[in-house]
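S.K.: My structure is in query13.cif, and what it holds is mmCIF, N, CA, C and O atoms:
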data_coords
#
loop_
_atom_site.label_atom_id
_atom_site.label_comp_id
_atom_site.auth_asym_id
_atom_site.auth_seq_id
_atom_site.Cartn_x
_atom_site.Cartn_y
_atom_site.Cartn_z
N MET A 43 57.65 -18.92 12.04
CA MET A 43 56.77 -18.03 12.70
C MET A 43 56.51 -16.81 11.81
O MET A 43 57.41 -16.05 11.53
N MET A 44 55.27 -16.66 11.44
CA MET A 44 54.92 -15.61 10.51
C MET A 44 54.20 -14.49 11.25
O MET A 44 53.18 -14.72 11.88
N TYR A 45 54.72 -13.30 11.18
CA TYR A 45 54.13 -12.11 11.79
C TYR A 45 53.94 -12.27 13.30
O TYR A 45 53.05 -11.68 13.89
N GLY A 46 54.65 -13.08 13.90
CA GLY A 46 54.59 -13.26 15.34
C GLY A 46 53.30 -13.89 15.82
O GLY A 46 52.91 -13.77 16.97
N ASN A 47 52.58 -14.58 14.93
CA ASN A 47 51.30 -15.17 15.30
C ASN A 47 51.47 -16.58 15.82
O ASN A 47 50.51 -17.19 16.25
N GLY A 48 52.56 -17.13 15.74
CA GLY A 48 52.78 -18.46 16.27
C GLY A 48 52.23 -19.53 15.37
O GLY A 48 52.87 -19.95 14.43
N GLN A 49 51.04 -20.01 15.63
CA GLN A 49 50.49 -21.13 14.88
C GLN A 49 49.39 -20.73 13.91
O GLN A 49 48.61 -21.55 13.47
N GLY A 50 49.26 -19.49 13.60
CA GLY A 50 48.25 -19.07 12.62
C GLY A 50 47.04 -18.45 13.29
O GLY A 50 47.00 -18.23 14.50
N MET A 51 46.03 -18.21 12.50
CA MET A 51 44.83 -17.55 12.98
C MET A 51 43.87 -18.57 13.57
O MET A 51 43.72 -19.67 13.05
N SER A 52 43.21 -18.19 14.65
CA SER A 52 42.27 -19.11 15.28
C SER A 52 40.94 -19.10 14.52
O SER A 52 40.74 -18.34 13.58
N GLY A 53 40.03 -19.94 14.92
CA GLY A 53 38.72 -20.02 14.27
C GLY A 53 37.94 -18.73 14.35
O GLY A 53 37.24 -18.35 13.40
N TRP A 54 38.04 -18.02 15.48
CA TRP A 54 37.33 -16.75 15.62
C TRP A 54 37.91 -15.69 14.70
O TRP A 54 37.19 -14.82 14.21
N GLY A 55 39.18 -15.76 14.46
CA GLY A 55 39.81 -14.81 13.53
C GLY A 55 39.30 -14.99 12.12
O GLY A 55 39.01 -14.02 11.41
N TRP A 56 39.19 -16.23 11.68
CA TRP A 56 38.66 -16.51 10.35
C TRP A 56 37.19 -16.08 10.25
O TRP A 56 36.76 -15.52 9.24
N PHE A 57 36.45 -16.34 11.31
CA PHE A 57 35.04 -15.94 11.31
C PHE A 57 34.91 -14.41 11.22
O PHE A 57 34.13 -13.89 10.44
N GLY A 58 35.70 -13.69 11.99
CA GLY A 58 35.65 -12.23 11.98
C GLY A 58 36.07 -11.66 10.64
O GLY A 58 35.46 -10.71 10.13
N MET A 59 37.11 -12.24 10.06
CA MET A 59 37.58 -11.76 8.76
C MET A 59 36.54 -12.04 7.67
O MET A 59 36.27 -11.18 6.82
N SER A 60 35.92 -13.19 7.70
CA SER A 60 34.88 -13.52 6.72
C SER A 60 33.68 -12.62 6.87
O SER A 60 33.13 -12.10 5.88
N LEU A 61 33.26 -12.40 8.09
CA LEU A 61 32.11 -11.53 8.34
C LEU A 61 32.42 -10.09 7.92
O LEU A 61 31.59 -9.42 7.30
N GLY A 62 33.61 -9.62 8.23
CA GLY A 62 34.01 -8.27 7.82
C GLY A 62 34.02 -8.10 6.31
O GLY A 62 33.60 -7.07 5.78
N THR A 63 34.49 -9.14 5.60
CA THR A 63 34.51 -9.08 4.14
C THR A 63 33.09 -9.03 3.57
O THR A 63 32.79 -8.26 2.66
N LEU A 64 32.20 -9.85 4.13
CA LEU A 64 30.80 -9.85 3.66
C LEU A 64 30.12 -8.51 3.93
O LEU A 64 29.40 -7.98 3.08
N VAL A 65 30.37 -7.94 5.09
CA VAL A 65 29.78 -6.64 5.42
C VAL A 65 30.32 -5.56 4.49
O VAL A 65 29.57 -4.72 3.98
N PHE A 66 31.62 -5.58 4.23
CA PHE A 66 32.22 -4.60 3.33
C PHE A 66 31.60 -4.66 1.94
O PHE A 66 31.19 -3.64 1.38
N TRP A 67 31.54 -5.85 1.35
CA TRP A 67 30.98 -5.98 0.00
C TRP A 67 29.48 -5.69 -0.02
O TRP A 67 28.96 -5.13 -0.99
N GLY A 68 28.78 -6.06 1.03
CA GLY A 68 27.36 -5.75 1.11
C GLY A 68 27.11 -4.25 1.15
O GLY A 68 26.23 -3.73 0.45
N LEU A 69 27.88 -3.53 1.96
CA LEU A 69 27.75 -2.08 2.01
C LEU A 69 28.12 -1.43 0.68
O LEU A 69 27.49 -0.47 0.25
N LEU A 70 29.15 -1.95 0.02
CA LEU A 70 29.55 -1.42 -1.27
C LEU A 70 28.43 -1.59 -2.30
O LEU A 70 28.13 -0.67 -3.07
N VAL A 71 27.78 -2.75 -2.33
CA VAL A 71 26.67 -3.00 -3.25
C VAL A 71 25.49 -2.09 -2.92
O VAL A 71 24.86 -1.51 -3.82
N ILE A 72 25.17 -1.93 -1.65
CA ILE A 72 24.05 -1.07 -1.25
C ILE A 72 24.30 0.37 -1.67
O ILE A 72 23.41 1.04 -2.19
N VAL A 73 25.52 0.88 -1.46
CA VAL A 73 25.85 2.25 -1.86
C VAL A 73 25.71 2.40 -3.37
O VAL A 73 25.15 3.38 -3.87
N PHE A 74 26.20 1.43 -4.14
CA PHE A 74 26.08 1.48 -5.59
C PHE A 74 24.62 1.50 -6.03
O PHE A 74 24.24 2.29 -6.89
N VAL A 75 23.79 0.64 -5.46
CA VAL A 75 22.37 0.59 -5.82
C VAL A 75 21.67 1.89 -5.47
O VAL A 75 20.89 2.43 -6.26
N LEU A 76 21.94 2.44 -4.30
CA LEU A 76 21.31 3.70 -3.89
C LEU A 76 21.73 4.86 -4.79
O LEU A 76 20.90 5.70 -5.16
N LEU A 77 23.00 4.91 -5.16
CA LEU A 77 23.45 5.96 -6.08
C LEU A 77 22.81 5.80 -7.46
O LEU A 77 22.39 6.78 -8.08
N PHE A 78 22.72 4.58 -7.94
CA PHE A 78 22.10 4.33 -9.25
C PHE A 78 20.64 4.75 -9.24
O PHE A 78 20.18 5.42 -10.17
N ARG A 79 19.92 4.40 -8.19
CA ARG A 79 18.50 4.76 -8.11
C ARG A 79 18.32 6.27 -7.95
O ARG A 79 17.35 6.83 -8.45
N ALA A 80 19.22 6.93 -7.27
CA ALA A 80 19.10 8.38 -7.08
C ALA A 80 19.29 9.13 -8.39
O ALA A 80 18.61 10.13 -8.64
N PHE A 81 20.18 8.66 -9.23
CA PHE A 81 20.45 9.35 -10.49
C PHE A 81 19.50 8.97 -11.61
O PHE A 81 19.37 9.69 -12.59
N HIS A 82 18.82 7.84 -11.51
CA HIS A 82 17.93 7.38 -12.57
C HIS A 82 16.49 7.25 -12.08
O HIS A 82 15.75 6.40 -12.56
N ARG A 83 16.09 8.07 -11.16
CA ARG A 83 14.79 7.91 -10.52
C ARG A 83 13.62 8.24 -11.43
O ARG A 83 12.72 7.46 -11.60
N HIS A 84 13.59 9.43 -12.04
CA HIS A 84 12.40 9.88 -12.75
C HIS A 84 12.62 10.06 -14.25
O HIS A 84 11.87 10.77 -14.89
N GLU A 85 13.61 9.42 -14.80
CA GLU A 85 13.88 9.62 -16.22
C GLU A 85 12.86 8.95 -17.13
O GLU A 85 12.50 9.50 -18.15
N HIS A 86 12.38 7.78 -16.78
CA HIS A 86 11.56 7.00 -17.69
C HIS A 86 10.09 6.97 -17.32
O HIS A 86 9.34 6.17 -17.85
N ILE A 87 9.65 7.84 -16.41
CA ILE A 87 8.25 7.84 -16.00
C ILE A 87 7.54 8.98 -16.73
O ILE A 87 7.76 10.14 -16.43
N PRO A 88 6.72 8.65 -17.73
CA PRO A 88 6.01 9.72 -18.43
C PRO A 88 4.90 10.28 -17.56
O PRO A 88 4.37 9.59 -16.68
N PRO A 89 4.52 11.52 -17.77
CA PRO A 89 3.40 12.07 -16.99
C PRO A 89 2.11 11.34 -17.33
O PRO A 89 1.94 10.84 -18.44
N ALA A 90 1.21 11.27 -16.37
CA ALA A 90 -0.05 10.54 -16.56
C ALA A 90 -0.86 11.15 -17.70
O ALA A 90 -1.34 10.45 -18.58
N VAL A 91 -1.02 12.44 -17.70
CA VAL A 91 -1.78 13.13 -18.74
C VAL A 91 -1.00 14.38 -19.10
O VAL A 91 -0.67 15.17 -18.22
N PRO A 92 -0.69 14.57 -20.38
CA PRO A 92 -0.03 15.83 -20.76
C PRO A 92 -0.91 17.01 -20.38
O PRO A 92 -2.14 16.93 -20.47
N PRO A 93 -0.33 18.11 -19.94
CA PRO A 93 -1.13 19.25 -19.48
C PRO A 93 -2.11 19.76 -20.53
O PRO A 93 -3.19 20.23 -20.18
N ALA A 94 -1.79 19.66 -21.80
CA ALA A 94 -2.69 20.15 -22.84
C ALA A 94 -3.94 19.29 -22.95
O ALA A 94 -4.98 19.75 -23.41
N LEU A 95 -3.86 18.03 -22.54
CA LEU A 95 -4.99 17.11 -22.66
C LEU A 95 -5.71 16.89 -21.33
O LEU A 95 -6.59 16.05 -21.25
N ALA A 96 -5.33 17.59 -20.31
CA ALA A 96 -5.92 17.40 -18.98
C ALA A 96 -7.25 18.14 -18.91
O ALA A 96 -7.34 19.25 -18.41
N THR A 97 -8.29 17.51 -19.43
CA THR A 97 -9.62 18.11 -19.39
C THR A 97 -10.25 17.85 -18.03
O THR A 97 -9.85 16.93 -17.31
N PRO A 98 -11.25 18.64 -17.67
CA PRO A 98 -11.92 18.40 -16.39
C PRO A 98 -12.53 17.01 -16.29
O PRO A 98 -12.48 16.38 -15.23
N GLU A 99 -13.09 16.52 -17.39
CA GLU A 99 -13.68 15.17 -17.35
C GLU A 99 -12.62 14.10 -17.16
O GLU A 99 -12.84 13.13 -16.43
N ARG A 100 -11.47 14.27 -17.79
CA ARG A 100 -10.40 13.28 -17.63
C ARG A 100 -9.86 13.31 -16.19
O ARG A 100 -9.58 12.27 -15.60
N LEU A 101 -9.68 14.51 -15.64
CA LEU A 101 -9.22 14.61 -14.25
C LEU A 101 -10.22 13.98 -13.29
O LEU A 101 -9.85 13.31 -12.33
N LEU A 102 -11.52 14.19 -13.56
CA LEU A 102 -12.55 13.58 -12.73
C LEU A 102 -12.50 12.05 -12.84
O LEU A 102 -12.61 11.35 -11.83
N ALA A 103 -12.30 11.56 -14.06
CA ALA A 103 -12.21 10.11 -14.25
C ALA A 103 -10.99 9.53 -13.53
O ALA A 103 -11.06 8.43 -12.97
N GLU A 104 -9.88 10.26 -13.53
CA GLU A 104 -8.69 9.78 -12.82
C GLU A 104 -8.94 9.75 -11.31
O GLU A 104 -8.50 8.82 -10.64
N ARG A 105 -9.63 10.74 -10.78
CA ARG A 105 -9.96 10.74 -9.35
C ARG A 105 -10.85 9.55 -9.01
O ARG A 105 -10.68 8.91 -7.97
N PHE A 106 -11.80 9.25 -9.89
CA PHE A 106 -12.68 8.10 -9.68
C PHE A 106 -11.88 6.80 -9.74
O PHE A 106 -12.07 5.90 -8.92
N ALA A 107 -10.95 6.71 -10.69
CA ALA A 107 -10.14 5.50 -10.84
C ALA A 107 -9.22 5.29 -9.63
O ALA A 107 -8.96 4.15 -9.24
N ARG A 108 -8.73 6.37 -9.03
CA ARG A 108 -7.87 6.25 -7.85
C ARG A 108 -8.67 5.97 -6.58
O ARG A 108 -8.10 5.68 -5.54
N GLY A 109 -10.00 6.08 -6.65
CA GLY A 109 -10.83 5.81 -5.48
C GLY A 109 -11.03 7.02 -4.59
O GLY A 109 -11.47 6.88 -3.45
N GLU A 110 -10.69 8.21 -5.09
CA GLU A 110 -10.86 9.41 -4.28
C GLU A 110 -12.34 9.80 -4.14
O GLU A 110 -12.71 10.43 -3.16
N ILE A 111 -13.14 9.47 -5.15
CA ILE A 111 -14.57 9.75 -5.11
C ILE A 111 -15.32 8.48 -5.46
O ILE A 111 -14.81 7.61 -6.15
N ASP A 112 -16.57 8.37 -4.99
CA ASP A 112 -17.36 7.18 -5.29
C ASP A 112 -18.15 7.39 -6.60
O ASP A 112 -18.10 8.45 -7.21
N GLU A 113 -18.87 6.35 -7.02
CA GLU A 113 -19.56 6.39 -8.31
C GLU A 113 -20.67 7.44 -8.33
O GLU A 113 -20.85 8.12 -9.35
N ASP A 114 -21.40 7.59 -7.24
CA ASP A 114 -22.47 8.59 -7.21
C ASP A 114 -21.92 10.00 -7.39
O ASP A 114 -22.45 10.81 -8.16
N GLU A 115 -20.86 10.30 -6.66
CA GLU A 115 -20.26 11.63 -6.78
C GLU A 115 -19.66 11.83 -8.17
O GLU A 115 -19.76 12.91 -8.76
N TYR A 116 -19.06 10.77 -8.74
CA TYR A 116 -18.52 10.86 -10.10
C TYR A 116 -19.62 11.19 -11.11
O TYR A 116 -19.46 12.10 -11.93
N GLN A 117 -20.72 10.47 -11.02
CA GLN A 117 -21.83 10.71 -11.97
C GLN A 117 -22.41 12.12 -11.78
O GLN A 117 -22.72 12.79 -12.77
N ARG A 118 -22.56 12.55 -10.55
CA ARG A 118 -23.12 13.87 -10.29
C ARG A 118 -22.21 14.96 -10.85
O ARG A 118 -22.66 15.89 -11.52
N ARG A 119 -20.92 14.86 -10.61
CA ARG A 119 -19.99 15.86 -11.09
C ARG A 119 -19.83 15.80 -12.61
O ARG A 119 -19.67 16.83 -13.26
N LEU A 120 -19.89 14.60 -13.18
CA LEU A 120 -19.79 14.46 -14.63
C LEU A 120 -20.98 15.12 -15.31
O LEU A 120 -20.83 15.82 -16.32
N THR A 121 -22.16 14.92 -14.76
CA THR A 121 -23.36 15.57 -15.30
C THR A 121 -23.24 17.08 -15.22
O THR A 121 -23.57 17.80 -16.17
N ALA A 122 -22.74 17.59 -14.11
CA ALA A 122 -22.56 19.04 -13.96
C ALA A 122 -21.53 19.57 -14.94
O ALA A 122 -21.73 20.64 -15.53
N LEU A 123 -20.44 18.85 -15.15
CA LEU A 123 -19.43 19.30 -16.10
C LEU A 123 -19.97 19.35 -17.52
O LEU A 123 -19.73 20.30 -18.27
N ARG A 124 -20.72 18.33 -17.90
CA ARG A 124 -21.26 18.28 -19.27
C ARG A 124 -22.35 19.32 -19.49
O ARG A 124 -22.58 19.73 -20.61
N ALA A 125 -22.98 19.76 -18.44
CA ALA A 125 -24.01 20.78 -18.58
C ALA A 125 -23.40 22.15 -18.85
O ALA A 125 -24.05 23.02 -19.42
N TYR A 126 -22.13 22.36 -18.47
CA TYR A 126 -21.51 23.68 -18.60
C TYR A 126 -20.54 23.82 -19.76
O TYR A 126 -20.05 24.90 -19.99
N GLY A 127 -20.18 22.76 -20.47
CA GLY A 127 -19.24 22.95 -21.57
C GLY A 127 -18.85 21.66 -22.24
O GLY A 127 -19.23 20.57 -21.83
N PRO A 128 -18.06 21.79 -23.33
CA PRO A 128 -17.62 20.61 -24.07
C PRO A 128 -16.59 19.81 -23.29
O PRO A 128 -15.95 20.32 -22.38
N GLU A 129 -16.43 18.56 -23.72
CA GLU A 129 -15.51 17.65 -23.03
C GLU A 129 -14.06 18.01 -23.33
O GLU A 129 -13.21 18.00 -22.46
N THR A 130 -13.75 18.34 -24.58
CA THR A 130 -12.36 18.61 -24.95
C THR A 130 -12.19 20.08 -25.26
O THR A 130 -13.06 20.71 -25.86
N PRO A 131 -11.03 20.63 -24.93
CA PRO A 131 -10.78 22.03 -25.23
C PRO A 131 -10.45 22.21 -26.70
O PRO A 131 -9.98 21.29 -27.36
N ASP A 132 -10.68 23.39 -27.21
CA ASP A 132 -10.32 23.70 -28.59
C ASP A 132 -8.87 24.12 -28.61
O ASP A 132 -8.51 25.22 -28.19
N LEU A 133 -7.99 23.22 -29.07
CA LEU A 133 -6.56 23.47 -29.06
C LEU A 133 -6.10 24.32 -30.24
O LEU A 133 -4.93 24.69 -30.32
N THR A 134 -7.00 24.64 -31.17
CA THR A 134 -6.61 25.45 -32.33
C THR A 134 -6.57 26.92 -31.98
O THR A 134 -5.93 27.70 -32.67
N LYS A 135 -7.22 27.36 -30.92
CA LYS A 135 -7.20 28.76 -30.51
C LYS A 135 -5.96 29.03 -29.65
O LYS A 135 -5.72 28.35 -28.68
N HIS A 136 -5.19 29.99 -30.06
CA HIS A 136 -3.99 30.34 -29.27
C HIS A 136 -3.95 31.79 -29.00
O HIS A 136 -4.17 32.67 -29.65
#
Represent the supplied structure as structure tokens.
M.R.:
Amino acid sequence: MMYGNGQGMSGWGWFGMSLGTLVFWGLLVIVFVLLFRAFHRHEHIPPAVPPALATPERLLAERFARGEIDEDEYQRRLTALRAYGPETPDLTKH
């Protein structure tokens, strides 16, 4: 007689122990994955456009590409932007 259990563990005991083990390891893996993602979230994502190169025309093109504005509005605003100045800034002036 081992541990006063008489004839051993019943089928429900084995089922409960197996289920408990699976839940334990599953929770441990989930915690590890969440911690890994929290610490490595934004390290490898470069910015879309460096701030020095973010021209009005490029920003307008990005808005058009994301679907925020339609083609007519894009063309109208692009024409207005080109009427008031150059496409790229002069980066040599500081």
S.K.: Box along x, y and z, 5 Å on every side, all listed atoms of region 59-72 of chain A inside: centre and edge lengths in Å to one decimal, as lines of an AutoDock Vina configuration file.
M.R.:
center_x = 30.5
center_y = -6.2
center_z = 3.1
size_x = 24.2
size_y = 24.6
size_z = 23.9
S.K.: Nearest residue to Arg119 (chain A) out of A:Phe66, A:Ala96, A:Ala107, A:Leu101, using only C-alpha atoms?
M.R.: A:Leu101
S.K.: When you draw a straight line from CA of Gly58 (chain A) to CA of Leu77 (chain A), how long is it in Å?
M.R.: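 Distance reported for this atom pair: 28.4 Å.
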